[in-house]
Each structure stands twice: as C-alpha cells, then as structure tokens.
Amino acid sequence: MGRRRTALVAVALAAVLASVGPSSAALPVSATGPRALGIGDPLYPRLGNPGYDVTAYDIALDYRRADRPLNAVTTIDARATTGLRTINLDFTQGTVRSVSVDGAPAAFTTAHEDLVITPRAKIARGAGFRVTVRHTSDPGDGAGGGWVRTRDGLAMANQADAAHRVFPCNDHPSDKARFIFRVTAPKNLTVVAGGLRTGRVHEGARTTWTYRLAHPMATELAQVSIGRSAVLHRTGPHGLPVRDVVPVADRKKLAKWLARTPGQLAWMEKRVGPYPFEDYGVLISHATTGFELETQTLSLFERGLFIGDEFPRWYVESIMLHELAHQWFGDSVSPRRWSDLWLNEGHATWYEALYAEQYGKASLERRMRLAYEQSDAWRAEGGPPAAPRPAAPGKQIGLFRPIVYDGSALILYALRQRIGRADFERLERQWVVRHRDGVASTADFIRLASEVAGRDLTGFLRAWLYGEKTPKMPGHPGWKPDPVPDARPGAKQGAKPGAKPGAKPATHGPAARHTAKHG
C-alpha cells in the first residue's frame, strides 16, 4: 500500500559529524564526477543501481532515543553483474563515517540520493564483494517515510522509496536479498523485526536483539520496531509461529483482534496455498500514519484502527486480511517494476473484498460494479492500472491511487468472468508457487493466465491493463462507466465502491489514501 515519501528532517547531530557528501578522504570518482544511476524504472528513475545483485544485508543499529540519529553499520554482500570501478548505493538522511570494500578502506562521495563508492581495485564481473558502511540513521520527524516515530519509540514504513532513508541499499524491489537485523536498545524496551529472533544478549543497561529473515526480501518491506511493547505468541496453521507486537497498555484491548490471525491464515491458505514465510504477526503501533503496511512477516497497523467503534468489525478484519494477502502478493512475489504495483494491490484488494463479502455481507458484485462505474475516471486521473503516471515530485504517495486498488481488483474480476472460477483459482495458486521468493511482471501474469486458461489472453488482458477506457465487462452487458463520475449527491471524489454517499474519508487501511470509509 501507498506511503508518504517526502524527505525526512535532519537533526542536530549533522552539525557535529561530517555531513553526507564528499569527505576529506573521498577521491574523485571519474573525470565527470559522481552521478546517480538508477535502473531505469520510469516511476522511480533514480531508485536501484545497475551492475550488481545484492545477496544479503546485515544491519546493526544502536538506538538511544527516538529523536536522535541511530549509530549504524550496514554490511552488504553482493555479486557483480558487470565490471565495477564504482559502486552506487541508494542512501540519504544520514551521515556516512567510513566505507570499506572487502575490508579495505574505500573512497566515497554522494550524488543526489546515491552514495558513490570507489574501491581500491576494479571488481570483476561475476565476483562477490562485501561493502561495509558506518553511518547514522536519522528518524527526523518521521513524516517522510523510512522511520516512523511512535509514542514510545520507532517503527519502519519504507514503501515505496524510503528504505534508503534508513540504511544504504539497492532500494528497488527487483533486487531482493536475505536480511539480518542486530539492534541494541535500552533494556527496558522491546525490539522486534521481521523474521525469527535468533539472539538476545543483555549487557549492562542495554540489550542487543538479533533477527534473521529466512527468505529474500525487498528493501521496502523491512521492519524494525523499538518501544515499550508486549510480544504475544500463538500458533497458526501447521504449527506456524504467530507473534504480535502491541503497546503494553493495550494488550487486553487488542486481544480480540489478534485472535483473528490464525483463522485468517487458514482462510488465505485455502484459496492460494501455503503461507510462504517462516512466521507472521501484526505490529500495532501507537502512531498516526494514515496507512497500514505489509512489511514482510510483520504487518504494520495504526493503533487507532482497532481502538473505539469508528469502524465495523468486518471492515477492520478485512483490512487485516488485505495486509496478510500481501505476504503472498507483493512480498513473496514482488513487482519487477513499480508499474507492476497493480499485481500487489489488486490481489490484496481482491481477497479483502472476498473476505468482506463472506464476513460482512458486503457484496463483491456490487463493489465491482461501482468500481466499474468509476474506472474510466480513475484511469483519466492516474493512468491505466499497469501504466500508472508518476507521482508528483515530493508526493510519492500519489502513486497509490484508486486505480491500483479497486480498479485493479476489477481486472481480476473480469478475468474470472472470462475464464471461469476454476481456472482463475488455479491461476492464483500457480502464480504464487511459480514466482515464490522472486519478482514477476505484468507480462509474466499475462503469460501464465494464458497457459492456465489454454488460450491466448494477451489482447483481453492488455485492454484491461493498458487501455485508457475500461473494456466491456464479461457477463455484465448492462454495466456502464459513469459518464459523470462521483456526481451522485453526497459522493466523494474517488469514493470507494460500497461506501455510503457522504461518508467521511477513511484514515485507515488500504483505502485510506483515496476512499470514503465503509459504513
């Protein structure tokens, strides 16, 4: 789901340490100077870096207070895909103290939001290498993505382009890697990260916590929580460890919501197959973000979604299910390019809608019909589902528009109408198996859909995915795009299919960026 992506605010430590930029030890990188590279993603042209594949990150963080930069050491193992005289990493919002490559000091400088490193010797194509960066990681005010300030500490929200505001990395979902987090914090705080805990060492007034993810992960999905938290353990299907992280004071209030997770895991497994990771849980933070986030194995939620009676129970549970569905669609199978985002959000919204229909009596067909009526307007506003327009500068959350949520779930509904329920469900299962722990594109989805259906669906799907206008809905000749979208009395611009006219805008869930809340 969409996230804020404006720059964080630097804090006072920058005045004490050498600022990010050419250090006194840095050497010229080339005759023309260093430059930001990127891998050519049209939506985020400066994200990611060519010339290597990262295989592993080992990130050590030293936390003192939420309003102070953390001291950090990020170690990156990678393999060169071409000869490298310089290595670009995405990094900003911190101070670089030193860099080494394979243990030898390396010169470094910056270009835009790239850290440009010059090793002592050229790295040969196919060679493995290790980069170690000693730096700070600055939470700032938590308003621009990356670190999120909670009432008692920090959490992470890196989607889509903010992981490099926390640690140096190849910040694009196409380069997934294994992760280890080692976080040292005051002993009265609890640290939880994605994956399984592999160590906890007390030393005086401080404790070091170590977590390891067993499966590759995109940088945008990293999660570290530091605060006064309770960690609650239970068991999911097939003995799967389930651990939830909540504010200590809210443990009892949140119990009824946390109890839903094992059943939701079983519900998803019945539809798409085995859960793809080593554990799962929800992280409920005492923070105001305006969104929830599918961080791998530990989904991030705002406390306010669960406290009080503002939202119907079925709606809250459907938002929980949305983030869980992302563990298959977006986390295990990640987008090759950000234009493939519809594969993440369309699928998560699809299963959210199926769950809401079963448990909240919220008709899927009615929701899809109302989405169909608004689809032309959504396409005009943000582009077709698989060719979205870039967000405005400094407004990266703008990429997460209605067209990638209900507008993309609508494509899955059309596909099911075209090929039938049995083939559609077989496609869904094969998709998550074939691309598990990897990345996949829209072209990959079209290819597999055609294979499963036994006929070429290229023309049908490309019209839905890339057309400026919404195609005819199979099986529903009476459905028509609304000629004057959202002109109905009381309706809000971009109101979610199924929302009540005049409903107040939601502040939670995948719909929160563009919808009116369910009543």
# chains A, B, ... in the order shown; residues from 1 in each chain; ligands from 1
$ select_by_dssp --residues "region 184-393 of chain A" --states "strand (DSSP E)" --output "PyMOL selection string"
chain A and resi 184-186+190-193+196-203+206-212+224-227+229-235+241-247+282-285+299-302+333-335
$ residues_around --residues "Ala287 (chain A)" --least-positions-apart "5" --cutoff "8 Å" --atoms "only C-alpha atoms" --output "PDB file with all heavy atoms, in the first residue's frame"
ATOM      1  N   VAL A 148       9.318   5.727  11.373  1.00  0.00           N
ATOM      2  CA  VAL A 148       8.077   6.328  11.853  1.00  0.00           C
ATOM      3  C   VAL A 148       8.204   6.503  13.354  1.00  0.00           C
ATOM      4  O   VAL A 148       8.515   5.547  14.080  1.00  0.00           O
ATOM      5  CB  VAL A 148       6.863   5.427  11.534  1.00  0.00           C
ATOM      6  CG1 VAL A 148       5.605   5.956  12.215  1.00  0.00           C
ATOM      7  CG2 VAL A 148       6.656   5.325  10.031  1.00  0.00           C
ATOM      8  N   ARG A 149       7.976   7.727  13.835  1.00  0.00           N
ATOM      9  CA  ARG A 149       8.013   7.988  15.270  1.00  0.00           C
ATOM     10  C   ARG A 149       6.721   7.488  15.901  1.00  0.00           C
ATOM     11  O   ARG A 149       5.622   7.875  15.493  1.00  0.00           O
ATOM     12  CB  ARG A 149       8.188   9.480  15.521  1.00  0.00           C
ATOM     13  CG  ARG A 149       9.508  10.060  15.006  1.00  0.00           C
ATOM     14  CD  ARG A 149      10.624   9.895  16.003  1.00  0.00           C
ATOM     15  NE  ARG A 149      10.401  10.746  17.155  1.00  0.00           N
ATOM     16  CZ  ARG A 149      10.736  12.042  17.213  1.00  0.00           C
ATOM     17  NH1 ARG A 149      11.314  12.633  16.177  1.00  0.00           N
ATOM     18  NH2 ARG A 149      10.513  12.736  18.302  1.00  0.00           N
ATOM     19  N   THR A 150       6.839   6.615  16.896  1.00  0.00           N
ATOM     20  CA  THR A 150       5.695   6.164  17.668  1.00  0.00           C
ATOM     21  C   THR A 150       5.720   6.856  19.026  1.00  0.00           C
ATOM     22  O   THR A 150       6.676   7.575  19.352  1.00  0.00           O
ATOM     23  CB  THR A 150       5.722   4.641  17.851  1.00  0.00           C
ATOM     24  OG1 THR A 150       6.846   4.287  18.671  1.00  0.00           O
ATOM     25  CG2 THR A 150       5.849   3.932  16.508  1.00  0.00           C
ATOM     26  N   ARG A 151       4.701   6.633  19.836  1.00  0.00           N
ATOM     27  CA  ARG A 151       4.651   7.295  21.133  1.00  0.00           C
ATOM     28  C   ARG A 151       5.831   6.901  22.014  1.00  0.00           C
ATOM     29  O   ARG A 151       6.309   7.701  22.822  1.00  0.00           O
ATOM     30  CB  ARG A 151       3.333   6.965  21.843  1.00  0.00           C
ATOM     31  CG  ARG A 151       3.223   7.565  23.229  1.00  0.00           C
ATOM     32  CD  ARG A 151       1.841   7.445  23.807  1.00  0.00           C
ATOM     33  NE  ARG A 151       0.906   8.353  23.129  1.00  0.00           N
ATOM     34  CZ  ARG A 151      -0.352   8.549  23.540  1.00  0.00           C
ATOM     35  NH1 ARG A 151      -0.815   7.895  24.599  1.00  0.00           N
ATOM     36  NH2 ARG A 151      -1.145   9.393  22.892  1.00  0.00           N
ATOM     37  N   GLU A 302      -1.886   0.946  12.400  1.00  0.00           N
ATOM     38  CA  GLU A 302      -2.100   2.004  13.380  1.00  0.00           C
ATOM     39  C   GLU A 302      -2.986   1.499  14.518  1.00  0.00           C
ATOM     40  O   GLU A 302      -3.984   0.801  14.289  1.00  0.00           O
ATOM     41  CB  GLU A 302      -2.821   3.186  12.737  1.00  0.00           C
ATOM     42  CG  GLU A 302      -1.960   4.092  11.907  1.00  0.00           C
ATOM     43  CD  GLU A 302      -2.757   5.300  11.466  1.00  0.00           C
ATOM     44  OE1 GLU A 302      -3.801   5.142  10.818  1.00  0.00           O
ATOM     45  OE2 GLU A 302      -2.335   6.415  11.800  1.00  0.00           O
ATOM     46  N   ARG A 303      -2.663   1.904  15.718  1.00  0.00           N
ATOM     47  CA  ARG A 303      -3.482   1.559  16.879  1.00  0.00           C
ATOM     48  C   ARG A 303      -4.918   2.039  16.704  1.00  0.00           C
ATOM     49  O   ARG A 303      -5.883   1.362  17.084  1.00  0.00           O
ATOM     50  CB  ARG A 303      -2.851   2.178  18.125  1.00  0.00           C
ATOM     51  CG  ARG A 303      -3.662   2.048  19.409  1.00  0.00           C
ATOM     52  CD  ARG A 303      -2.944   2.778  20.538  1.00  0.00           C
ATOM     53  NE  ARG A 303      -3.671   2.703  21.807  1.00  0.00           N
ATOM     54  CZ  ARG A 303      -4.608   3.553  22.184  1.00  0.00           C
ATOM     55  NH1 ARG A 303      -4.962   4.558  21.373  1.00  0.00           N
ATOM     56  NH2 ARG A 303      -5.195   3.418  23.359  1.00  0.00           N
TER      57      ARG A 303
END
$ closest_residue --among "A:Ile226, A:Ala387, A:Leu410, A:Leu189" --to "Arg462 (chain A)" --atoms "only C-alpha atoms"
A:Ala387
$ residues_around --residues "region 372-383 of chain A" --least-positions-apart "6" --cutoff "8 Å" --atoms "only C-alpha atoms" --output "list in words"
Arg389, Leu399, Arg401, Pro402, Ile403, Gly407, Leu410, Glu468, Lys469, Thr470, Trp479, Lys480, Pro481, Asp482, Pro485, Asp486 and Gly494 of chain A
$ write_last_selection --atoms "all heavy atoms" --output "short mmCIF file (atom, residue, chain, number, x, y, z; two decimals), in the first residue's frame"
data_model
loop_
_atom_site.label_atom_id
_atom_site.label_comp_id
_atom_site.auth_asym_id
_atom_site.auth_seq_id
_atom_site.Cartn_x
_atom_site.Cartn_y
_atom_site.Cartn_z
N ARG A 389 0.70 6.85 -14.03
CA ARG A 389 1.53 8.04 -14.18
C ARG A 389 2.39 8.22 -12.93
O ARG A 389 1.96 7.89 -11.83
CB ARG A 389 0.66 9.27 -14.38
CG ARG A 389 -0.17 9.21 -15.66
CD ARG A 389 -0.80 10.57 -15.96
NE ARG A 389 -1.69 10.44 -17.10
CZ ARG A 389 -3.01 10.28 -17.02
NH1 ARG A 389 -3.58 10.25 -15.83
NH2 ARG A 389 -3.76 10.17 -18.10
N LEU A 399 1.28 7.77 -6.04
CA LEU A 399 1.26 6.59 -6.91
C LEU A 399 0.16 5.63 -6.50
O LEU A 399 -0.37 4.88 -7.32
CB LEU A 399 2.63 5.88 -6.83
CG LEU A 399 2.78 4.61 -7.65
CD1 LEU A 399 2.63 4.91 -9.14
CD2 LEU A 399 4.14 3.96 -7.38
N ARG A 401 -3.09 5.23 -6.04
CA ARG A 401 -4.37 5.83 -6.39
C ARG A 401 -5.46 4.75 -6.42
O ARG A 401 -5.17 3.55 -6.39
CB ARG A 401 -4.25 6.49 -7.77
CG ARG A 401 -3.11 7.51 -7.91
CD ARG A 401 -3.07 8.05 -9.33
NE ARG A 401 -2.01 9.03 -9.52
CZ ARG A 401 -0.84 8.79 -10.12
NH1 ARG A 401 -0.58 7.58 -10.59
NH2 ARG A 401 0.06 9.75 -10.27
N PRO A 402 -6.72 5.16 -6.56
CA PRO A 402 -7.82 4.18 -6.61
C PRO A 402 -7.64 3.11 -7.68
O PRO A 402 -8.05 1.98 -7.49
CB PRO A 402 -9.04 5.04 -6.89
CG PRO A 402 -8.70 6.38 -6.35
CD PRO A 402 -7.24 6.56 -6.57
N ILE A 403 -6.98 3.46 -8.79
CA ILE A 403 -6.87 2.51 -9.90
C ILE A 403 -6.03 1.30 -9.54
O ILE A 403 -6.23 0.22 -10.09
CB ILE A 403 -6.30 3.22 -11.17
CG1 ILE A 403 -6.53 2.36 -12.41
CG2 ILE A 403 -4.85 3.58 -11.00
CD1 ILE A 403 -7.98 2.16 -12.77
N GLY A 407 -9.64 -0.52 -8.69
CA GLY A 407 -9.52 -0.51 -10.14
C GLY A 407 -8.75 -1.68 -10.69
O GLY A 407 -8.98 -2.12 -11.82
N LEU A 410 -10.77 -5.04 -10.05
CA LEU A 410 -11.76 -5.14 -11.12
C LEU A 410 -11.23 -5.98 -12.29
O LEU A 410 -11.99 -6.72 -12.92
CB LEU A 410 -12.13 -3.73 -11.59
CG LEU A 410 -13.25 -3.60 -12.62
CD1 LEU A 410 -14.58 -4.04 -12.01
CD2 LEU A 410 -13.34 -2.16 -13.12
N GLU A 468 -6.95 3.23 -22.08
CA GLU A 468 -7.39 4.49 -21.48
C GLU A 468 -8.84 4.41 -21.03
O GLU A 468 -9.25 5.13 -20.11
CB GLU A 468 -7.22 5.64 -22.48
CG GLU A 468 -5.76 5.94 -22.79
CD GLU A 468 -5.61 7.14 -23.72
OE1 GLU A 468 -6.67 7.77 -24.04
OE2 GLU A 468 -4.48 7.44 -24.13
N LYS A 469 -9.60 3.53 -21.68
CA LYS A 469 -11.00 3.32 -21.32
C LYS A 469 -11.19 1.89 -20.81
O LYS A 469 -10.48 0.97 -21.21
CB LYS A 469 -11.91 3.56 -22.53
CG LYS A 469 -11.87 4.98 -23.06
CD LYS A 469 -12.51 5.96 -22.07
CE LYS A 469 -12.58 7.37 -22.63
NZ LYS A 469 -13.18 8.31 -21.67
N THR A 470 -12.16 1.71 -19.95
CA THR A 470 -12.43 0.40 -19.36
C THR A 470 -13.19 -0.46 -20.36
O THR A 470 -14.23 -0.04 -20.88
CB THR A 470 -13.27 0.55 -18.09
OG1 THR A 470 -12.65 1.54 -17.24
CG2 THR A 470 -13.37 -0.76 -17.35
N TRP A 479 -23.48 -3.17 -17.52
CA TRP A 479 -22.59 -2.29 -16.76
C TRP A 479 -22.04 -1.19 -17.67
O TRP A 479 -21.56 -1.47 -18.78
CB TRP A 479 -21.43 -3.09 -16.16
CG TRP A 479 -21.84 -3.96 -15.01
CD1 TRP A 479 -23.09 -4.33 -14.65
CD2 TRP A 479 -20.94 -4.58 -14.07
NE1 TRP A 479 -23.06 -5.15 -13.54
CE2 TRP A 479 -21.75 -5.32 -13.16
CE3 TRP A 479 -19.57 -4.60 -13.91
CZ2 TRP A 479 -21.21 -6.06 -12.12
CZ3 TRP A 479 -19.02 -5.32 -12.87
CH2 TRP A 479 -19.83 -6.05 -11.98
N LYS A 480 -22.09 0.03 -17.20
CA LYS A 480 -21.63 1.18 -17.98
C LYS A 480 -20.75 2.06 -17.11
O LYS A 480 -21.07 2.29 -15.93
CB LYS A 480 -22.81 2.02 -18.50
CG LYS A 480 -23.83 1.25 -19.31
CD LYS A 480 -23.27 0.78 -20.65
CE LYS A 480 -24.36 0.05 -21.45
NZ LYS A 480 -23.81 -0.50 -22.71
N PRO A 481 -19.64 2.58 -17.67
CA PRO A 481 -18.87 3.59 -16.92
C PRO A 481 -19.73 4.81 -16.66
O PRO A 481 -20.55 5.20 -17.49
CB PRO A 481 -17.71 3.92 -17.86
CG PRO A 481 -17.63 2.77 -18.81
CD PRO A 481 -19.03 2.27 -18.98
N ASP A 482 -19.57 5.39 -15.50
CA ASP A 482 -20.34 6.57 -15.13
C ASP A 482 -19.87 7.74 -15.99
O ASP A 482 -18.70 8.12 -15.97
CB ASP A 482 -20.11 6.89 -13.65
CG ASP A 482 -21.09 7.92 -13.12
OD1 ASP A 482 -21.61 8.71 -13.93
OD2 ASP A 482 -21.34 7.92 -11.90
N PRO A 485 -18.48 10.79 -13.31
CA PRO A 485 -18.13 10.07 -12.09
C PRO A 485 -18.26 10.93 -10.84
O PRO A 485 -17.93 12.11 -10.85
CB PRO A 485 -16.66 9.68 -12.33
CG PRO A 485 -16.51 9.73 -13.81
CD PRO A 485 -17.42 10.81 -14.28
N ASP A 486 -18.78 10.32 -9.81
CA ASP A 486 -18.89 10.94 -8.50
C ASP A 486 -19.78 12.19 -8.50
O ASP A 486 -19.61 13.07 -7.67
CB ASP A 486 -17.52 11.27 -7.93
CG ASP A 486 -16.69 10.02 -7.73
OD1 ASP A 486 -17.20 9.04 -7.17
OD2 ASP A 486 -15.54 10.02 -8.17
N GLY A 494 -13.46 9.90 -5.83
CA GLY A 494 -12.71 8.68 -5.57
C GLY A 494 -13.34 7.82 -4.50
O GLY A 494 -12.68 6.98 -3.92
#
$ residues_around --residues "Val192 (chain A)" --least-positions-apart "5" --cutoff "8 Å" --atoms "only C-alpha atoms" --output "mmCIF file with C-alpha atoms, in the first residue's frame"
data_model
loop_
_atom_site.group_PDB
_atom_site.id
_atom_site.type_symbol
_atom_site.label_atom_id
_atom_site.label_comp_id
_atom_site.auth_asym_id
_atom_site.auth_seq_id
_atom_site.Cartn_x
_atom_site.Cartn_y
_atom_site.Cartn_z
ATOM 1 C CA ARG A 197 14.615 -13.921 16.646
ATOM 2 C CA TRP A 209 18.367 -8.282 19.705
ATOM 3 C CA TYR A 211 16.514 -11.245 13.881
ATOM 4 C CA VAL A 224 12.114 -2.934 12.924
ATOM 5 C CA SER A 225 10.018 -1.918 15.947
ATOM 6 C CA ILE A 226 11.563 -0.395 19.078
ATOM 7 C CA VAL A 245 3.578 -6.775 18.821
#
$ atom_distance --atom1 "CA of Trp431 (chain A)" --atom2 "CA of Leu448 (chain A)"
7.4 Å
$ closest_residue --among "A:Ser229, A:Thr208, A:Ser137, A:Ser332" --to "Arg97 (chain A)" --atoms "only C-alpha atoms"
A:Ser137
$ residues_around --residues "region 268-281 of chain A" --least-positions-apart "4" --cutoff "10 Å" --atoms "only C-alpha atoms" --output "VMD selection string"
chain A and resid 194 to 196 213 to 216 231 to 245 258 261 to 264 296 to 300 321 324 to 325 327 to 328 331 to 333 351 355 425 to 433 436 to 437
$ residues_around --residues "Gly146 (chain A)" --least-positions-apart "4" --cutoff "8 Å" --atoms "only C-alpha atoms" --output "JSON, numbers by chain"
{"A": [139, 142, 156, 157, 158, 159, 162, 163, 164, 165, 166]}
$ select_by_dssp --residues "region 305-406 of chain A" --states "helix (DSSP H, G or I)" --output "MDAnalysis selection string"
chainID A and resid 305 313:326 338:360 364:382 396:399 402:404 406
$ write_last_selection --atoms "C-alpha atoms" --output "PDB file, in the first residue's frame"
ATOM      1  CA  LEU A 305      -7.813   1.299  13.546  1.00  0.00           C
ATOM      2  CA  ARG A 313     -15.646  -5.228  12.913  1.00  0.00           C
ATOM      3  CA  TRP A 314     -15.861  -6.850   9.470  1.00  0.00           C
ATOM      4  CA  TYR A 315     -14.168  -3.821   7.924  1.00  0.00           C
ATOM      5  CA  VAL A 316     -11.243  -3.907  10.366  1.00  0.00           C
ATOM      6  CA  GLU A 317     -10.822  -7.621   9.810  1.00  0.00           C
ATOM      7  CA  SER A 318     -10.883  -7.151   6.030  1.00  0.00           C
ATOM      8  CA  ILE A 319      -8.048  -4.614   6.328  1.00  0.00           C
ATOM      9  CA  MET A 320      -6.083  -7.126   8.396  1.00  0.00           C
ATOM     10  CA  LEU A 321      -6.743  -9.674   5.658  1.00  0.00           C
ATOM     11  CA  HIS A 322      -5.564  -7.208   2.995  1.00  0.00           C
ATOM     12  CA  GLU A 323      -2.137  -6.939   4.627  1.00  0.00           C
ATOM     13  CA  LEU A 324      -1.954 -10.684   5.155  1.00  0.00           C
ATOM     14  CA  ALA A 325      -2.761 -11.308   1.473  1.00  0.00           C
ATOM     15  CA  HIS A 326       0.215  -9.136   0.579  1.00  0.00           C
ATOM     16  CA  TRP A 338       6.788  -0.259  -9.866  1.00  0.00           C
ATOM     17  CA  SER A 339       4.352  -0.215 -12.791  1.00  0.00           C
ATOM     18  CA  ASP A 340       3.608  -3.824 -11.761  1.00  0.00           C
ATOM     19  CA  LEU A 341       2.203  -2.482  -8.472  1.00  0.00           C
ATOM     20  CA  TRP A 342      -1.306  -3.441  -9.578  1.00  0.00           C
ATOM     21  CA  LEU A 343      -0.317  -7.100  -9.061  1.00  0.00           C
ATOM     22  CA  ASN A 344       0.282  -6.349  -5.364  1.00  0.00           C
ATOM     23  CA  GLU A 345      -2.628  -4.082  -4.586  1.00  0.00           C
ATOM     24  CA  GLY A 346      -5.153  -5.570  -6.981  1.00  0.00           C
ATOM     25  CA  HIS A 347      -4.724  -9.021  -5.461  1.00  0.00           C
ATOM     26  CA  ALA A 348      -4.714  -7.809  -1.855  1.00  0.00           C
ATOM     27  CA  THR A 349      -7.889  -5.812  -2.545  1.00  0.00           C
ATOM     28  CA  TRP A 350      -9.447  -8.830  -4.269  1.00  0.00           C
ATOM     29  CA  TYR A 351      -9.012 -11.062  -1.230  1.00  0.00           C
ATOM     30  CA  GLU A 352     -10.035  -8.235   1.091  1.00  0.00           C
ATOM     31  CA  ALA A 353     -13.270  -7.950  -0.906  1.00  0.00           C
ATOM     32  CA  LEU A 354     -13.901 -11.710  -0.879  1.00  0.00           C
ATOM     33  CA  TYR A 355     -13.392 -11.763   2.884  1.00  0.00           C
ATOM     34  CA  ALA A 356     -15.659  -8.750   3.377  1.00  0.00           C
ATOM     35  CA  GLU A 357     -18.357 -10.454   1.313  1.00  0.00           C
ATOM     36  CA  GLN A 358     -18.151 -13.624   3.411  1.00  0.00           C
ATOM     37  CA  TYR A 359     -17.957 -12.000   6.847  1.00  0.00           C
ATOM     38  CA  GLY A 360     -19.507  -8.580   6.318  1.00  0.00           C
ATOM     39  CA  LEU A 364     -18.425  -8.409  -4.228  1.00  0.00           C
ATOM     40  CA  GLU A 365     -20.509  -7.936  -7.365  1.00  0.00           C
ATOM     41  CA  ARG A 366     -21.896  -4.624  -6.140  1.00  0.00           C
ATOM     42  CA  ARG A 367     -18.432  -3.419  -5.189  1.00  0.00           C
ATOM     43  CA  MET A 368     -17.075  -4.378  -8.606  1.00  0.00           C
ATOM     44  CA  ARG A 369     -19.974  -2.743 -10.412  1.00  0.00           C
ATOM     45  CA  LEU A 370     -19.410   0.521  -8.579  1.00  0.00           C
ATOM     46  CA  ALA A 371     -15.671   0.254  -9.320  1.00  0.00           C
ATOM     47  CA  TYR A 372     -16.542  -0.294 -12.968  1.00  0.00           C
ATOM     48  CA  GLU A 373     -18.625   2.864 -12.991  1.00  0.00           C
ATOM     49  CA  GLN A 374     -15.651   4.891 -11.739  1.00  0.00           C
ATOM     50  CA  SER A 375     -12.890   3.089 -13.612  1.00  0.00           C
ATOM     51  CA  ASP A 376     -12.758   5.472 -16.568  1.00  0.00           C
ATOM     52  CA  ALA A 377     -12.390   8.436 -14.214  1.00  0.00           C
ATOM     53  CA  TRP A 378      -9.656   6.647 -12.247  1.00  0.00           C
ATOM     54  CA  ARG A 379      -7.783   5.892 -15.476  1.00  0.00           C
ATOM     55  CA  ALA A 380      -8.076   9.505 -16.564  1.00  0.00           C
ATOM     56  CA  GLU A 381      -6.766  10.656 -13.188  1.00  0.00           C
ATOM     57  CA  GLY A 382      -3.812   8.309 -12.738  1.00  0.00           C
ATOM     58  CA  GLN A 396       5.256   9.754  -3.914  1.00  0.00           C
ATOM     59  CA  ILE A 397       2.206   8.565  -2.019  1.00  0.00           C
ATOM     60  CA  GLY A 398       0.315   9.783  -5.060  1.00  0.00           C
ATOM     61  CA  LEU A 399       1.263   6.589  -6.908  1.00  0.00           C
ATOM     62  CA  PRO A 402      -7.817   4.177  -6.606  1.00  0.00           C
ATOM     63  CA  ILE A 403      -6.868   2.514  -9.897  1.00  0.00           C
ATOM     64  CA  VAL A 404      -4.292   0.237  -8.230  1.00  0.00           C
ATOM     65  CA  ASP A 406     -10.380  -1.485  -6.578  1.00  0.00           C
TER      66      ASP A 406
END
$ closest_residue --among "A:Gly153, A:Gly199, A:Gly48, A:Pro69" --to "His135 (chain A)" --atoms "only C-alpha atoms"
A:Pro69
$ residues_around --residues "Val439 (chain A)" --least-positions-apart "4" --cutoff "8 Å" --atoms "only C-alpha atoms" --output "PyMOL selection string"
chain A and resi 173-174+333-336+435
